[in-house]
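Just below is one structure, and these are the notes that go with it.
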Amino acid sequence: MRIPDFTLHQPLTAEEAVGLAKGSESFDFLSGGTDLLPNYKWGLGCRENVISLRHIPELSETPLGAGRTLWEIEHDSTLAEQFPALVAAASGVATPLIRRSATLGGNLFLDTRCWHFNQTADWRRAHGSCLKAEADQCRVLPDPGDICVATYSGDLAPVLLVHGATAFLAGPKGERAVPLADLWAPDGIRRFKDVAGGEFLVRLEMAPDARDWTVAYQKLRLRESFDFPEGGVAAGVRWQDGKAAEVRIATTAYASVPSLHPEIGEILVGGSLEENAIEKASKALQAEVRPMKNTSMSPAYRKKMARVLCRRALLGCRQG
Ligand SMILES: Cc1cc2nc3c(=O)[nH]c(=O)nc-3n(C[C@H](O)[C@H](O)[C@H](O)COP(=O)(O)OP(=O)(O)OC[C@H]3O[C@@H](n4cnc5c(N)ncnc54)[C@H](O)[C@@H]3O)c2cc1C
């Protein structure tokens with residue numbers, strides 16, 4: 001398994017990167033390469049041109065710059081003080097070696113994953129390929145239309161959604177801001193709502209009130225040492241006079257997109273995260289998530305665990 005040939009471009013400015021993307025019909029952006037290059041090795045989605053974003057200083061100049069590595073985020077004492085759940089989520093991604101290369105931008109723009117997609121070319125030839133690779137048939141659902149149900153498995157998105165983060169994208173029309181909650185489209189192939197071909201993430205900014213939120217993240221995975229989440233729940237509470245004034249719940253690894261669940265948060269508003277309210281909200285989340293049969297663990301177990309993860313995350317948000 002060798003990575004197919006491609007031309008590597010290494011622009012030094014965002015403008016140069018946008019120009020290269022504009023002039024190329026077939027390209028991918030590259031940051032740490034810990035997601036893109038393993039896919040290339042297996043002949044998945046390979047492009048003729050790869051535009052590296054690693055040499056653009058702008059992407060690493062702010063605390064939540066797209067080019068900052070997860071290792072840098074994990075060891076940033078200011079971020080640890082302001083957004084401990086984000087730092088905890090970053091330190092739970094993959095392995096220390098991978099986190100040295102893996103970036104925030106790559107984590108958010110992580111490709112969706114599926115048991116029938118993330119396989120070698122030989123495996124796909126023998127077993128039968130899928131909608132997201134070479135075939136015209138989904139192996140997970142008999143009739144999903146032309147929608148792909150591959151799973152989004154990034155760990156940082158749910159925490160950032162709970163903090164109300166905004167994404168700043170560079171592209172042919174200059175820079176623009178998109179609320180993170182509006183970034184993704186529910187389709188494992190066409191993964192973003194209206195991100196144009198040549199646009200890439202420059203940085204994130206938290207909402208002005210992000211530090212007023214107590215946030216906790218819980219993740220289910222096969223091996224604690226390095227696996228992707230099989231389910232992930234972030235909970236956030238804005239406390240006021242001992243009561244939960246606002247509550248946000250966000251999930252990852254339960255669908256093709258990371259999702260906020262506003263109606264689950266509503267269940268807890270006005271209370272103090274009492275046992276019965278936590279139980280009610282966690283059960284409601286379990287009922288709401290619809291994991292597919294396309295990762296290592298069974299959908300039934302992942303669904304059950306949504307309740308457990310939600311409960312644990314909410315307990316982590318209790319005052320004191
Ligand atoms: C063994 C293993 C275990 C892993 N475990 C986890 C895990 O537990 N949790 C988890 O979340 N991830 C996990 N990953 C996935 C991956 O390592 C991380 O998500 C990482 O943060 C990806 O970042 P990167 O910079 O390497 O992305 P890249 O591989 O460089 O890029 C990933 C995707 O994002 C796009 N992209 C990159 N940067 C930008 C940008 N600035 N703007 C727009 N698009 C961009 C690329 O075009 C590509 O499509 C694992 C990977 C491996 C190999």
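Within each chain, counting starts at residue 1; across the structure tokens, chains are named A, B, ... in the order shown, with ligands numbered 1 upward in that order.
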
Can you list every residue in range 102-231 of chain A that DSSP puts in strand (DSSP E), as a count of residues only? 27

As a PyMOL selection string, please: every protein or nucleic acid residue near ligand 1 (cut-off 6 Å, counting only C-alpha atoms and all ligand atoms). chain A and resi 28-36+66+93-94+98+101-107+109-111+153-155+200-202+226-229

Using N, CA and C atoms, can you write the selected residues to a file as a JSON list (two decimals), in the first residue's frame?
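As a result, selection14.json now contains:
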```json
[["chain", "number", "residue", "atom", "x", "y", "z"],
["A", 28, "ASP", "N", -6.72, 18.57, -2.34],
["A", 28, "ASP", "CA", -7.13, 18.49, -0.93],
["A", 28, "ASP", "C", -6.24, 19.44, -0.14],
["A", 29, "PHE", "N", -6.77, 20.00, 0.93],
["A", 29, "PHE", "CA", -5.91, 20.70, 1.88],
["A", 29, "PHE", "C", -5.31, 19.66, 2.82],
["A", 30, "LEU", "N", -4.11, 19.96, 3.28],
["A", 30, "LEU", "CA", -3.41, 19.05, 4.20],
["A", 30, "LEU", "C", -2.92, 19.84, 5.41],
["A", 31, "SER", "N", -3.18, 19.31, 6.61],
["A", 31, "SER", "CA", -2.58, 19.92, 7.80],
["A", 31, "SER", "C", -1.60, 18.92, 8.39],
["A", 32, "GLY", "N", -2.02, 18.17, 9.44],
["A", 32, "GLY", "CA", -1.10, 17.18, 10.01],
["A", 32, "GLY", "C", -1.01, 15.91, 9.19],
["A", 33, "GLY", "N", -2.02, 15.66, 8.37],
["A", 33, "GLY", "CA", -2.02, 14.48, 7.50],
["A", 33, "GLY", "C", -2.40, 13.18, 8.20],
["A", 34, "THR", "N", -2.77, 13.23, 9.49],
["A", 34, "THR", "CA", -3.02, 11.98, 10.23],
["A", 34, "THR", "C", -4.35, 11.34, 9.83],
["A", 35, "ASP", "N", -5.20, 12.09, 9.15],
["A", 35, "ASP", "CA", -6.45, 11.53, 8.64],
["A", 35, "ASP", "C", -6.37, 11.38, 7.12],
["A", 36, "LEU", "N", -5.92, 12.43, 6.45],
["A", 36, "LEU", "CA", -5.91, 12.44, 4.98],
["A", 36, "LEU", "C", -4.96, 11.37, 4.41],
["A", 66, "ALA", "N", -6.39, 27.20, 13.37],
["A", 66, "ALA", "CA", -6.62, 25.89, 12.75],
["A", 66, "ALA", "C", -5.35, 25.06, 12.68],
["A", 93, "VAL", "N", -7.56, 12.51, 22.15],
["A", 93, "VAL", "CA", -7.56, 12.13, 20.73],
["A", 93, "VAL", "C", -6.36, 11.23, 20.44],
["A", 94, "ALA", "N", -6.60, 10.12, 19.80],
["A", 94, "ALA", "CA", -5.54, 9.25, 19.26],
["A", 94, "ALA", "C", -4.42, 9.01, 20.28],
["A", 98, "ILE", "N", 0.49, 10.98, 17.48],
["A", 98, "ILE", "CA", -0.43, 11.54, 16.47],
["A", 98, "ILE", "C", -0.78, 12.98, 16.84],
["A", 101, "SER", "N", 1.26, 15.89, 15.47],
["A", 101, "SER", "CA", 1.05, 16.34, 14.10],
["A", 101, "SER", "C", -0.38, 16.83, 13.88],
["A", 102, "ALA", "N", -1.34, 16.14, 14.50],
["A", 102, "ALA", "CA", -2.77, 16.42, 14.26],
["A", 102, "ALA", "C", -3.10, 17.86, 14.66],
["A", 103, "THR", "N", -3.93, 18.51, 13.84],
["A", 103, "THR", "CA", -4.28, 19.91, 14.12],
["A", 103, "THR", "C", -5.77, 20.07, 14.46],
["A", 104, "LEU", "N", -6.05, 21.24, 14.98],
["A", 104, "LEU", "CA", -7.44, 21.60, 15.28],
["A", 104, "LEU", "C", -8.27, 21.64, 14.00],
["A", 105, "GLY", "N", -7.71, 22.25, 12.93],
["A", 105, "GLY", "CA", -8.43, 22.35, 11.65],
["A", 105, "GLY", "C", -8.74, 20.97, 11.09],
["A", 106, "GLY", "N", -7.74, 20.09, 11.11],
["A", 106, "GLY", "CA", -7.94, 18.73, 10.59],
["A", 106, "GLY", "C", -8.95, 17.97, 11.41],
["A", 107, "ASN", "N", -8.97, 18.23, 12.72],
["A", 107, "ASN", "CA", -9.92, 17.53, 13.59],
["A", 107, "ASN", "C", -11.35, 17.93, 13.27],
["A", 109, "PHE", "N", -12.42, 19.23, 10.40],
["A", 109, "PHE", "CA", -12.76, 18.88, 9.02],
["A", 109, "PHE", "C", -12.50, 17.40, 8.72],
["A", 110, "LEU", "N", -12.32, 16.64, 9.79],
["A", 110, "LEU", "CA", -12.09, 15.19, 9.69],
["A", 110, "LEU", "C", -13.09, 14.54, 8.75],
["A", 111, "ASP", "N", -12.60, 13.64, 7.90],
["A", 111, "ASP", "CA", -13.52, 12.94, 7.00],
["A", 111, "ASP", "C", -14.40, 11.99, 7.81],
["A", 153, "SER", "N", -16.51, 11.51, 13.47],
["A", 153, "SER", "CA", -15.92, 11.02, 14.72],
["A", 153, "SER", "C", -14.89, 11.97, 15.33],
["A", 154, "GLY", "N", -15.02, 13.25, 15.08],
["A", 154, "GLY", "CA", -14.09, 14.20, 15.69],
["A", 154, "GLY", "C", -14.46, 14.45, 17.15],
["A", 155, "ASP", "N", -13.45, 14.55, 18.01],
["A", 155, "ASP", "CA", -13.72, 14.73, 19.44],
["A", 155, "ASP", "C", -13.93, 16.19, 19.85],
["A", 200, "PHE", "N", -10.93, 27.26, 3.44],
["A", 200, "PHE", "CA", -10.36, 26.46, 4.53],
["A", 200, "PHE", "C", -10.45, 27.22, 5.84],
["A", 201, "LEU", "N", -10.33, 26.46, 6.93],
["A", 201, "LEU", "CA", -10.47, 27.05, 8.27],
["A", 201, "LEU", "C", -9.17, 27.75, 8.66],
["A", 202, "VAL", "N", -9.31, 28.99, 9.11],
["A", 202, "VAL", "CA", -8.14, 29.76, 9.57],
["A", 202, "VAL", "C", -8.06, 29.69, 11.10],
["A", 226, "PHE", "N", -6.04, 4.68, 22.13],
["A", 226, "PHE", "CA", -5.93, 5.48, 20.89],
["A", 226, "PHE", "C", -7.15, 5.51, 19.98],
["A", 227, "ASP", "N", -8.25, 4.89, 20.35],
["A", 227, "ASP", "CA", -9.32, 4.77, 19.36],
["A", 227, "ASP", "C", -10.18, 6.02, 19.17],
["A", 228, "PHE", "N", -10.78, 6.09, 17.99],
["A", 228, "PHE", "CA", -11.78, 7.12, 17.67],
["A", 228, "PHE", "C", -12.98, 6.95, 18.61],
["A", 229, "PRO", "N", -13.75, 8.03, 18.83],
["A", 229, "PRO", "CA", -14.97, 7.84, 19.65],
["A", 229, "PRO", "C", -16.00, 6.98, 18.92]]
```

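The gap separating CA of Asp146 in chain A from CA of Arg124 in chain A is 19.4 Å, in Å to one decimal.
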
Skip range 313-318 of chain A itself and residues of its chain fewer than 4 positions away, then list as a PyMOL selection string all residues within 6 Å of it, counting only C-alpha atoms. chain A and resi 214-218+235

Within 9 Å of range 158-176 of chain A, which residues of range 56-151 of chain A come that close, and what is the closest atom pair and distance in Å for each? Count only C-alpha atoms and give it as a tab-separated table.
```
residue	atom	partner	partner_atom	distance
A:Phe83	CA	A:His163	CA	8.8
A:Ala85	CA	A:Val159	CA	6.9
A:Leu86	CA	A:Val159	CA	6.0
A:Ala89	CA	A:Val159	CA	7.7
```

His127 in chain A surroundings by only C-alpha atoms, 12 Å radius, close-in-sequence under 5 positions cut, as a count of residues only: 9

Considering only helix (DSSP H, G or I) as DSSP defines it on the backbone, what residues of range 14-172 of chain A qualify? List them as number ranges by chain. A: 14-22, 36-41, 57-60, 70-74, 77-82, 84-91, 96-101, 104-108, 121-127, 156-162

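Residues in contact with range 3-7 of chain A at up to 12 Å, not including ones fewer than 3 positions away on its chain and judged by only C-alpha atoms, are Gln10, Leu20, Ser24, Ser26, Phe27, Asp28, Phe29, Leu30, Leu36, Leu37, Pro38, Asn39, Tyr40, Lys41, Trp42, Gly43, Leu44, Gly45, Cys46, Arg47, Glu48, Asn49, Val50, Ile51, Ser52, Thr120 and Ala121 of chain A.
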
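Each of A:Leu268, A:Leu183, A:Ala177, A:Leu204 was compared to Arg68 in chain A using only C-alpha atoms, and A:Leu204 turns out to be the nearest.
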
Write out as a PyMOL selection string each polymer residue whose atoms come within 12 Å of Pro96 in chain A, counting only C-alpha atoms; drop sequence neighbours fewer than 5 positions from it. chain A and resi 69-72+74-75+90-91+101-102+225-226

Store the residues of this selection in a file with C-alpha atoms, as a PDB file, in the first residue's frame.
```pdb
ATOM      1  CA  THR A  69      -1.535  20.909  16.961  1.00  0.00           C
ATOM      2  CA  LEU A  70      -3.604  19.006  19.481  1.00  0.00           C
ATOM      3  CA  TRP A  71      -0.391  18.598  21.486  1.00  0.00           C
ATOM      4  CA  GLU A  72      -0.038  22.398  21.659  1.00  0.00           C
ATOM      5  CA  GLU A  74      -3.228  20.014  25.319  1.00  0.00           C
ATOM      6  CA  HIS A  75      -0.236  21.850  26.841  1.00  0.00           C
ATOM      7  CA  ALA A  90      -7.814  17.223  22.752  1.00  0.00           C
ATOM      8  CA  SER A  91      -5.684  15.110  25.072  1.00  0.00           C
ATOM      9  CA  SER A 101       1.045  16.344  14.097  1.00  0.00           C
ATOM     10  CA  ALA A 102      -2.766  16.423  14.260  1.00  0.00           C
ATOM     11  CA  SER A 225      -5.088   4.104  24.359  1.00  0.00           C
ATOM     12  CA  PHE A 226      -5.933   5.477  20.894  1.00  0.00           C
TER      13      PHE A 226
END
```

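The list of residues with at least one atom within 7 Å of Arg311 in chain A, based on only C-alpha atoms and without residues fewer than 6 positions apart in the same chain, reads Ile278, Glu279 and Ser282 of chain A.
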
For the residues in that selection, give me C-alpha atoms as a PDB file, in the first residue's frame.
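Once everything was written out, this is out_36.pdb:
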```
ATOM      1  CA  ILE A 278     -30.287  14.236  34.679  1.00  0.00           C
ATOM      2  CA  GLU A 279     -31.911  10.820  34.253  1.00  0.00           C
ATOM      3  CA  SER A 282     -30.017  11.299  29.473  1.00  0.00           C
TER       4      SER A 282
END
```

Taking only C-alpha atoms into account, name the residue in A:Glu134, A:Glu16, A:Glu205, A:Asp76 that is nearest to Leu64 in chain A. A:Glu205
